[in-house]
file data.cif (mmCIF, C-alpha atoms)
data_entry
loop_
_atom_site.label_atom_id
_atom_site.label_comp_id
_atom_site.auth_asym_id
_atom_site.auth_seq_id
_atom_site.Cartn_x
_atom_site.Cartn_y
_atom_site.Cartn_z
CA MET J 1 0.00 0.00 0.00
CA SER J 2 1.44 3.39 -1.03
CA ALA J 3 1.51 6.24 1.46
CA VAL J 4 -1.44 8.63 1.56
CA LYS J 5 -0.36 11.93 -0.01
CA VAL J 6 -1.55 14.87 2.11
CA LEU J 7 -1.70 18.61 1.51
CA VAL J 8 -1.79 20.70 4.70
CA VAL J 9 -3.52 24.09 4.37
CA ASP J 10 -3.29 26.59 7.25
CA ASP J 11 -2.38 30.25 7.51
CA SER J 12 -0.21 29.70 10.61
CA LEU J 13 3.37 28.67 9.81
CA LEU J 14 3.84 27.07 13.23
CA PHE J 15 0.61 25.10 12.98
CA ARG J 16 1.43 23.96 9.43
CA GLU J 17 4.79 22.68 10.60
CA MET J 18 3.25 20.93 13.60
CA LEU J 19 0.68 19.22 11.35
CA ALA J 20 3.30 18.21 8.79
CA ARG J 21 5.62 16.72 11.43
CA GLY J 22 2.81 14.93 13.23
CA LEU J 23 1.26 13.40 10.13
CA SER J 24 4.64 12.45 8.62
CA ALA J 25 5.48 10.48 11.75
CA ASP J 26 3.09 7.82 10.43
CA LYS J 27 4.87 5.70 7.81
CA ASN J 28 1.68 5.38 5.77
CA ILE J 29 1.25 9.16 5.35
CA GLU J 30 3.36 11.51 3.23
CA VAL J 31 2.86 15.26 3.51
CA VAL J 32 3.65 16.26 -0.05
CA ALA J 33 3.14 20.00 0.45
CA THR J 34 1.83 22.73 2.72
CA ALA J 35 -0.08 25.87 1.76
CA LYS J 36 -0.64 29.18 3.57
CA ASP J 37 -4.01 30.09 2.00
CA ALA J 38 -6.61 28.99 -0.54
CA PHE J 39 -4.75 30.42 -3.54
CA ASP J 40 -1.53 28.70 -2.53
CA ALA J 41 -3.52 25.50 -1.94
CA ARG J 42 -5.05 25.66 -5.42
CA ASP J 43 -1.60 25.75 -7.00
CA LYS J 44 -0.28 22.94 -4.76
CA ILE J 45 -3.26 20.72 -5.59
CA LEU J 46 -2.56 21.07 -9.30
CA GLU J 47 1.15 20.45 -8.79
CA TYR J 48 1.15 17.57 -6.27
CA HIS J 49 -2.26 15.86 -6.77
CA PRO J 50 -2.71 14.99 -3.07
CA ASP J 51 -5.02 12.16 -1.95
CA VAL J 52 -6.31 14.09 1.07
CA MET J 53 -6.30 17.74 2.17
CA THR J 54 -6.47 19.14 5.70
CA LEU J 55 -8.04 22.59 5.61
CA ASP J 56 -8.17 25.40 8.13
CA ILE J 57 -11.53 27.18 8.20
CA GLU J 58 -10.30 30.61 9.32
CA MET J 59 -7.85 31.95 6.71
CA PRO J 60 -7.14 35.36 5.15
CA ARG J 61 -8.13 36.31 1.59
CA MET J 62 -10.55 33.37 1.28
CA ASN J 63 -11.83 31.25 4.17
CA GLY J 64 -11.99 27.48 4.07
CA LEU J 65 -15.73 27.29 3.44
CA GLU J 66 -15.59 29.54 0.38
CA PHE J 67 -12.59 27.61 -0.91
CA LEU J 68 -14.49 24.33 -0.55
CA ARG J 69 -17.49 25.74 -2.42
CA LYS J 70 -15.27 26.70 -5.34
CA LEU J 71 -13.05 23.61 -5.21
CA MET J 72 -15.42 20.67 -4.82
CA PRO J 73 -17.33 20.95 -8.14
CA GLN J 74 -14.06 21.06 -10.08
CA TYR J 75 -11.64 19.05 -7.95
CA PRO J 76 -13.43 16.85 -5.39
CA ILE J 77 -10.58 16.00 -3.03
CA PRO J 78 -11.29 14.26 0.30
CA THR J 79 -10.98 17.04 2.85
CA ILE J 80 -10.74 17.15 6.63
CA VAL J 81 -11.50 20.59 8.03
CA ILE J 82 -9.77 21.90 11.13
CA SER J 83 -11.60 24.46 13.24
CA GLY J 84 -12.33 25.80 16.65
CA ALA J 85 -15.70 25.11 18.26
CA SER J 86 -17.88 26.48 15.48
CA ASN J 87 -20.94 25.48 13.46
CA SER J 88 -18.83 26.12 10.37
CA VAL J 89 -17.65 22.51 10.52
CA PHE J 90 -21.17 21.28 9.78
CA GLU J 91 -21.43 23.71 6.88
CA ALA J 92 -18.14 22.29 5.57
CA ILE J 93 -19.50 18.75 5.77
CA GLN J 94 -22.61 19.81 3.85
CA ILE J 95 -20.42 21.35 1.17
CA GLY J 96 -18.51 18.10 0.76
CA ALA J 97 -15.78 17.78 3.40
CA VAL J 98 -15.40 14.22 4.67
CA ASP J 99 -14.76 14.95 8.36
CA PHE J 100 -13.53 17.52 10.86
CA VAL J 101 -11.32 17.88 13.91
CA LYS J 102 -11.20 20.54 16.61
CA LYS J 103 -8.02 22.56 16.96
CA PRO J 104 -6.15 21.58 20.13
CA GLU J 105 -5.35 23.87 23.04
CA PRO J 106 -2.07 25.57 22.07
CA ASN J 107 -0.31 25.04 25.41
CA SER J 108 -1.29 21.42 26.01
CA LEU J 109 1.16 18.78 24.76
CA SER J 110 -1.25 15.94 25.53
CA ALA J 111 -4.04 17.71 23.63
CA ARG J 112 -1.76 18.17 20.61
CA ASN J 113 -0.71 14.52 20.68
CA GLU J 114 -4.33 13.36 20.90
CA PHE J 115 -5.24 15.74 18.09
CA ILE J 116 -2.53 14.31 15.81
CA GLU J 117 -3.54 10.72 16.62
CA ASP J 118 -7.15 11.53 15.76
CA LEU J 119 -6.16 13.36 12.58
CA ILE J 120 -4.02 10.42 11.38
CA ILE J 121 -7.01 8.09 11.72
CA LYS J 122 -9.26 10.53 9.88
CA VAL J 123 -6.74 11.00 7.04
CA LYS J 124 -6.58 7.24 6.51
CA THR J 125 -10.37 7.07 6.55
CA ALA J 126 -10.78 10.03 4.20
CA VAL J 127 -8.71 8.43 1.45
CA VAL J 128 -11.32 5.67 1.04
CA ALA J 129 -14.36 7.90 1.60
CA LYS J 130 -16.87 8.93 -1.05
CA ILE J 131 -17.41 12.66 -1.37
CA GLN J 132 -21.04 13.69 -1.11
CA LYS J 133 -22.62 16.39 -3.21
CA SER J 134 -23.29 19.72 -1.55
CA GLN J 135 -26.52 19.63 0.43
CA CYS J 136 -28.74 22.32 1.90
CA PHE J 137 -31.13 21.56 4.74
CA ARG J 138 -34.15 23.78 5.26
CA PRO J 139 -35.64 24.40 8.69
CA ALA J 140 -38.51 22.07 9.52
CA ALA J 141 -41.97 23.44 8.85
CA VAL J 142 -43.70 20.70 10.85
CA HIS J 143 -45.01 21.71 14.27
CA LYS J 144 -43.05 19.98 17.00
CA ASN J 145 -45.06 18.14 19.62
CA HIS J 146 -43.30 15.42 21.58
CA GLU J 147 -46.37 14.87 23.76
CA LYS J 148 -48.23 13.03 21.00
CA ASN J 149 -49.08 9.45 21.86
CA ILE J 150 -48.10 6.71 19.48
CA CYS J 151 -49.64 3.25 19.39
CA SER J 152 -46.73 0.98 18.59
CA LYS J 153 -44.94 -1.93 20.21
CA VAL J 154 -41.69 -0.16 19.29
CA LYS J 155 -40.55 2.06 22.16
CA VAL J 156 -37.01 3.01 21.15
CA ILE J 157 -35.19 3.59 17.84
CA ALA J 158 -31.40 3.34 18.29
CA ILE J 159 -29.07 4.74 15.63
CA GLY J 160 -25.28 4.67 15.33
CA ALA J 161 -22.98 6.45 12.87
CA SER J 162 -19.44 7.71 12.33
CA THR J 163 -17.71 9.26 9.28
CA GLY J 164 -20.36 10.89 7.10
CA GLY J 165 -22.96 10.40 9.81
CA THR J 166 -23.74 14.04 10.56
CA VAL J 167 -25.17 14.56 7.07
CA ALA J 168 -26.65 11.04 6.85
CA PHE J 169 -28.50 11.41 10.14
CA ALA J 170 -29.78 14.88 9.21
CA ASN J 171 -31.09 13.42 5.95
CA LEU J 172 -32.73 10.55 7.81
CA LEU J 173 -34.49 12.81 10.32
CA THR J 174 -35.75 15.20 7.67
CA SER J 175 -37.27 12.23 5.81
CA MET J 176 -39.48 11.32 8.79
CA GLU J 177 -42.16 13.08 10.82
CA PRO J 178 -43.43 12.73 14.39
CA PRO J 179 -45.08 11.03 16.03
CA LEU J 180 -42.43 8.32 16.20
CA PRO J 181 -41.00 6.45 19.17
CA GLY J 182 -38.10 8.18 20.92
CA ILE J 183 -34.80 8.08 19.07
CA VAL J 184 -31.39 7.63 20.75
CA VAL J 185 -28.22 8.31 18.78
CA VAL J 186 -24.50 7.71 19.05
CA GLN J 187 -22.53 9.73 16.50
CA HIS J 188 -18.75 9.59 16.80
CA ILE J 189 -18.13 13.28 17.40
CA PRO J 190 -15.84 15.36 19.63
CA PRO J 191 -17.08 16.97 22.86
CA VAL J 192 -18.73 20.39 22.43
CA PHE J 193 -19.65 19.53 18.84
CA SER J 194 -22.27 17.00 19.99
CA GLU J 195 -24.29 19.79 21.63
CA MET J 196 -23.87 22.01 18.58
CA PHE J 197 -24.94 19.14 16.33
CA ALA J 198 -28.06 18.55 18.43
CA LYS J 199 -29.02 22.24 18.37
CA ARG J 200 -28.50 22.35 14.62
CA LEU J 201 -30.74 19.32 14.05
CA ASN J 202 -33.35 20.83 16.35
CA THR J 203 -33.72 23.74 13.90
CA ILE J 204 -33.81 21.76 10.64
CA THR J 205 -35.92 18.72 11.58
CA PRO J 206 -39.47 18.26 12.92
CA PHE J 207 -38.13 16.53 16.04
CA GLU J 208 -37.15 17.83 19.45
CA VAL J 209 -33.40 17.18 19.42
CA LYS J 210 -31.02 17.68 22.34
CA GLU J 211 -27.70 16.47 23.70
CA ALA J 212 -28.58 13.77 26.21
CA GLN J 213 -28.13 14.03 29.95
CA SER J 214 -28.45 11.18 32.42
CA GLY J 215 -32.06 10.81 33.46
CA ASP J 216 -33.57 12.19 30.25
CA ARG J 217 -36.75 10.30 29.36
CA ILE J 218 -37.07 8.79 25.91
CA LEU J 219 -40.29 10.31 24.62
CA PRO J 220 -42.14 10.07 21.28
CA GLY J 221 -40.99 12.74 18.85
CA THR J 222 -37.71 13.38 20.67
CA VAL J 223 -34.11 12.64 19.73
CA LEU J 224 -31.33 12.26 22.33
CA ILE J 225 -27.73 12.46 21.06
CA ALA J 226 -24.94 11.03 23.21
CA PRO J 227 -22.46 13.62 24.53
CA GLY J 228 -19.19 13.60 22.63
CA SER J 229 -17.18 12.30 25.58
CA GLN J 230 -19.66 9.95 27.26
CA HIS J 231 -21.16 6.54 26.59
CA MET J 232 -24.94 6.31 26.58
CA GLN J 233 -27.18 3.43 27.66
CA VAL J 234 -30.94 2.94 27.70
CA LYS J 235 -32.51 1.96 31.03
CA LYS J 236 -36.08 1.14 32.07
CA SER J 237 -37.88 2.42 35.15
CA GLY J 238 -41.45 1.21 35.52
CA VAL J 239 -43.11 1.83 32.16
CA ASP J 240 -40.67 4.58 31.20
CA TYR J 241 -37.35 4.45 29.38
CA PHE J 242 -34.53 6.89 30.01
CA VAL J 243 -30.84 7.30 29.22
CA ASN J 244 -27.77 6.98 31.39
CA CYS J 245 -24.68 8.89 30.22
CA PHE J 246 -21.29 8.23 31.76
CA ALA J 247 -17.57 8.71 31.15
CA GLY J 248 -15.60 5.55 30.48
CA GLU J 249 -12.82 3.89 28.55
CA LYS J 250 -13.08 3.87 24.77
CA VAL J 251 -14.87 0.87 23.29
CA ASN J 252 -13.80 -0.11 19.77
CA GLY J 253 -11.70 3.06 19.86
CA HIS J 254 -14.65 5.34 20.62
CA CYS J 255 -16.40 7.16 23.45
CA PRO J 256 -19.33 7.30 22.95
CA SER J 257 -19.55 3.82 21.47
CA VAL J 258 -22.38 2.53 19.31
CA ASP J 259 -21.91 -0.96 20.76
CA VAL J 260 -22.49 0.31 24.31
CA LEU J 261 -25.80 1.84 23.22
CA PHE J 262 -26.97 -1.10 21.09
CA GLN J 263 -26.10 -3.66 23.76
CA SER J 264 -28.24 -1.80 26.30
CA VAL J 265 -31.13 -1.53 23.81
CA ALA J 266 -30.99 -5.29 23.08
CA SER J 267 -32.86 -5.90 26.35
CA LEU J 268 -35.95 -4.30 24.78
CA GLY J 269 -36.24 -7.11 22.23
CA VAL J 270 -39.08 -6.53 19.75
CA GLN J 271 -39.73 -3.10 21.28
CA ALA J 272 -36.66 -1.67 19.54
CA ILE J 273 -35.33 -0.84 16.08
CA GLY J 274 -31.60 -0.64 15.42
CA VAL J 275 -30.03 1.31 12.55
CA ILE J 276 -26.35 1.48 11.64
CA LEU J 277 -25.22 4.21 9.27
CA THR J 278 -22.03 5.18 7.44
CA GLY J 279 -18.70 5.00 9.24
CA MET J 280 -15.25 3.44 9.37
CA GLY J 281 -14.54 0.42 11.58
CA TYR J 282 -16.77 -2.09 13.28
CA ASP J 283 -18.29 -0.25 16.25
CA GLY J 284 -21.94 -1.25 16.63
CA ALA J 285 -21.78 -4.58 14.79
CA LYS J 286 -21.83 -6.82 17.87
CA GLY J 287 -24.47 -4.73 19.63
CA LEU J 288 -26.71 -4.75 16.56
CA LEU J 289 -26.37 -8.53 16.38
CA GLN J 290 -27.50 -8.77 20.00
CA MET J 291 -30.50 -6.61 19.14
CA ARG J 292 -31.44 -8.79 16.18
CA LYS J 293 -31.10 -12.01 18.18
CA ALA J 294 -33.39 -10.47 20.82
CA GLY J 295 -36.09 -9.80 18.22
CA ALA J 296 -35.44 -6.19 17.22
CA LYS J 297 -35.71 -5.03 13.62
CA THR J 298 -32.26 -4.08 12.34
CA ILE J 299 -31.31 -1.94 9.34
CA GLY J 300 -27.95 -1.20 7.74
CA GLN J 301 -27.14 1.57 5.27
CA ASP J 302 -26.10 0.15 1.90
CA GLU J 303 -22.66 0.60 0.36
CA LYS J 304 -23.75 2.91 -2.44
CA SER J 305 -25.19 5.58 -0.15
CA CYS J 306 -22.42 5.39 2.52
CA VAL J 307 -19.54 7.84 2.70
CA VAL J 308 -17.57 4.96 4.24
CA TYR J 309 -19.03 1.45 4.04
CA GLY J 310 -17.26 0.18 7.16
CA MET J 311 -19.55 -0.12 10.16
CA PRO J 312 -22.60 -1.25 8.13
CA LYS J 313 -20.45 -3.77 6.29
CA ALA J 314 -19.02 -5.21 9.52
CA ALA J 315 -22.56 -5.55 10.91
CA PHE J 316 -23.84 -7.13 7.69
CA ASN J 317 -20.97 -9.64 7.56
CA ILE J 318 -21.78 -11.08 11.00
CA GLY J 319 -25.51 -11.33 10.32
CA ALA J 320 -26.56 -8.34 12.43
CA VAL J 321 -28.38 -6.56 9.59
CA GLU J 322 -31.85 -7.85 8.78
CA MET J 323 -32.22 -5.54 5.79
CA GLU J 324 -29.77 -3.29 3.97
CA LEU J 325 -31.24 -0.14 2.45
CA SER J 326 -30.24 3.07 0.72
CA LEU J 327 -30.25 6.05 3.06
CA ASN J 328 -33.29 7.56 1.33
CA LYS J 329 -35.30 4.37 2.04
CA ILE J 330 -34.43 3.90 5.71
CA GLY J 331 -36.84 6.53 7.06
CA GLU J 332 -39.73 5.05 5.11
CA LYS J 333 -38.93 1.57 6.46
CA ILE J 334 -38.72 2.82 10.05
CA CYS J 335 -42.13 4.48 9.68
CA SER J 336 -43.60 1.24 8.29
CA PHE J 337 -42.40 -0.67 11.35
CA VAL J 338 -44.12 1.69 13.80
#
call {"tool": "encode", "arguments": {"input": "data.cif", "output": "structure tokens"}}
result
Amino acid sequence: MSAVKVLVVDDSLLFREMLARGLSADKNIEVVATAKDAFDARDKILEYHPDVMTLDIEMPRMNGLEFLRKLMPQYPIPTIVISGASNSVFEAIQIGAVDFVKKPEPNSLSARNEFIEDLIIKVKTAVVAKIQKSQCFRPAAVHKNHEKNICSKVKVIAIGASTGGTVAFANLLTSMEPPLPGIVVVQHIPPVFSEMFAKRLNTITPFEVKEAQSGDRILPGTVLIAPGSQHMQVKKSGVDYFVNCFAGEKVNGHCPSVDVLFQSVASLGVQAIGVILTGMGYDGAKGLLQMRKAGAKTIGQDEKSCVVYGMPKAAFNIGAVEMELSLNKIGEKICSFV
């Protein structure tokens, strides 16, 4: 396997050098060039033909978002955006970026090391990812009412996703309407961004979406998203279901972990639906298999509609997926079940 050729784009000389050194420490990555702004990056792309680009959002002359808008239709290169805690990362994903990472604290060596480790994984994932066309989500026009009763044996819909999941999950939610059973979600996402993601979805979908907190009840028409640094489990108390969020060791390389959620939902048996969406790796496969064996309906996103056909493939290969569907068919199937 040849090394992944990377172009690093950032207006800070020190940060460019730190990124180049950190990424080059991995023998399977070659930083072929660095660029100080979008215009420099354009020339370096044409000269070096990189496999993956890391892109700073805040840059002079032309910011990263505007550069992506101009670049993607002509030269769709797998891109990982680097940003502070800002909603701009979700805009970048909608434009066509594959993934994002949060800039580390400048004076923390451990934070920088963790940042580089995370970025290396994302670069290796990006090189095999499919770039999605630019998408625009409109705010939901449907009146939100999570108090509606729903007559269904299904009480909980559990969904897991990773790379490409922020757009996939937004698409899925906008394809459905309440009333539906409560939805619980694990998206592999950094802390802080999970709350921003939930608030964003709350404005563009007909569901009540929030970052989960321990003790939150799972109610019809509501969506609870696991915090970016905590696992999430479903518990039962009397006739009610609620979530328990807690810090813990990474499972399958992730916290929150899809497997931790799915394994807790397996106890609901036929009262649950499990859905595994796009993402690299195998997190969620074993938990989804437990759900299916317990009687739950299980759905996997198909290869064609995935940004990365990793997690759904791993689940399908072990028999955890009852039916494999295109992303635009999953919402319809969920609604038919309930």
call {"tool": "atom_distance", "arguments": {"input": "data.cif", "atom1": "atom CA of J:Ile218", "atom2": "atom CA of J:Asp240"}}
result
7.7 Å
call {"tool": "closest_atom_pairs", "arguments": {"input": "data.cif", "of": "stretch 60-170 of chain J", "to": "stretch 281-299 of chain J", "cutoff": "9 Å", "atoms": "only C-alpha atoms", "output": "Markdown table"}}
result
| residue | atom | partner | partner_atom | distance |
| --- | --- | --- | --- | --- |
| J:Val154 | CA | J:Ala296 | CA | 8.9 |
| J:Gly160 | CA | J:Gly284 | CA | 6.9 |
| J:Ala161 | CA | J:Gly284 | CA | 8.6 |
| J:Ser162 | CA | J:Gly281 | CA | 8.8 |
call {"tool": "write_last_selection", "arguments": {"input": "data.cif", "atoms": "C-alpha atoms", "output": "PDB file, in the frame of the given file"}}
result
ATOM      1  CA  VAL J 154     -41.690  -0.160  19.290  1.00  0.00           C
ATOM      2  CA  GLY J 160     -25.280   4.670  15.330  1.00  0.00           C
ATOM      3  CA  ALA J 161     -22.980   6.450  12.870  1.00  0.00           C
ATOM      4  CA  SER J 162     -19.440   7.710  12.330  1.00  0.00           C
TER       5      SER J 162
END
call {"tool": "resolve_selection", "arguments": {"input": "data.cif", "expression": "the PyMOL selection byres ((chain J and resi 24-40) around 6)", "output": "ChimeraX atom specification"}}
result
/J:3-11,20-23,41-43
call {"tool": "atom_distance", "arguments": {"input": "data.cif", "atom1": "atom CA of J:Gly165", "atom2": "atom CA of J:Val127"}}
result
16.6 Å
call {"tool": "residues_around", "arguments": {"input": "data.cif", "residues": "J:Cys255", "least_positions_apart": "6", "cutoff": "12 Å", "atoms": "all atoms listed in the file", "output": "list in words"}}
result
Ser162, Val186, Gln187, His188, Ile189, Pro190, Pro191, Ser194, Ala226, Pro227, Gly228, Ser229, Gln230, His231, Met232, Cys245, Phe246, Ala247, Gly248, Glu249, Leu261 and Asp283 of chain J
call {"tool": "residues_near_point", "arguments": {"input": "data.cif", "point": "(-17.7, 9.8, 8.8)", "cutoff": "10 Å", "atoms": "all atoms listed in the file", "output": "number ranges by chain"}}
result
J: 93, 97-100, 122, 125-126, 129-130, 161-168, 187-189, 277-280, 306-310
call {"tool": "closest_residue", "arguments": {"input": "data.cif", "among": "J:Ile120, J:Ser86, J:Val338, J:Met311", "to": "J:Asn252", "atoms": "all atoms listed in the file"}}
result
J:Met311
call {"tool": "closest_residue", "arguments": {"input": "data.cif", "among": "J:Leu268, J:Leu119, J:Ala212, J:Ala85", "to": "J:Lys235", "atoms": "all atoms listed in the file"}}
result
J:Leu268
call {"tool": "build_atoms", "arguments": {"input": "data.cif", "residues": "stretch 248-264 of chain J", "atoms": "N, CA and C atoms", "output": "compact mmCIF listing (two decimals), in the coordinates of the input"}}
result
# COMPACT_ATOMS: atom_id res chain seq x y z
N GLY J 248 -16.18 6.89 30.40
CA GLY J 248 -15.60 5.55 30.48
C GLY J 248 -14.51 5.37 29.45
N GLU J 249 -13.86 4.21 29.52
CA GLU J 249 -12.82 3.89 28.55
C GLU J 249 -13.43 3.76 27.15
N LYS J 250 -12.61 4.03 26.15
CA LYS J 250 -13.08 3.87 24.77
C LYS J 250 -13.41 2.41 24.48
N VAL J 251 -14.47 2.20 23.74
CA VAL J 251 -14.87 0.87 23.29
C VAL J 251 -14.79 0.87 21.77
N ASN J 252 -14.05 -0.08 21.23
CA ASN J 252 -13.80 -0.11 19.77
C ASN J 252 -13.15 1.19 19.30
N GLY J 253 -12.40 1.82 20.20
CA GLY J 253 -11.70 3.06 19.86
C GLY J 253 -12.55 4.31 20.00
N HIS J 254 -13.74 4.19 20.59
CA HIS J 254 -14.65 5.34 20.62
C HIS J 254 -15.34 5.52 21.97
N CYS J 255 -15.53 6.77 22.33
CA CYS J 255 -16.40 7.16 23.45
C CYS J 255 -17.09 8.45 23.03
N PRO J 256 -18.38 8.40 22.73
CA PRO J 256 -19.33 7.30 22.95
C PRO J 256 -19.16 6.18 21.93
N SER J 257 -19.60 4.99 22.33
CA SER J 257 -19.55 3.82 21.47
C SER J 257 -20.95 3.38 21.07
N VAL J 258 -21.10 3.03 19.80
CA VAL J 258 -22.38 2.53 19.31
C VAL J 258 -22.70 1.19 19.96
N ASP J 259 -21.68 0.35 20.14
CA ASP J 259 -21.91 -0.96 20.76
C ASP J 259 -22.48 -0.83 22.17
N VAL J 260 -21.98 0.12 22.94
CA VAL J 260 -22.49 0.31 24.31
C VAL J 260 -23.98 0.64 24.27
N LEU J 261 -24.38 1.50 23.34
CA LEU J 261 -25.80 1.84 23.22
C LEU J 261 -26.61 0.64 22.75
N PHE J 262 -26.20 0.01 21.66
CA PHE J 262 -26.97 -1.10 21.09
C PHE J 262 -27.10 -2.26 22.08
N GLN J 263 -26.04 -2.55 22.81
CA GLN J 263 -26.10 -3.66 23.76
C GLN J 263 -27.12 -3.39 24.86
N SER J 264 -27.24 -2.13 25.26
CA SER J 264 -28.24 -1.80 26.30
C SER J 264 -29.65 -1.87 25.72
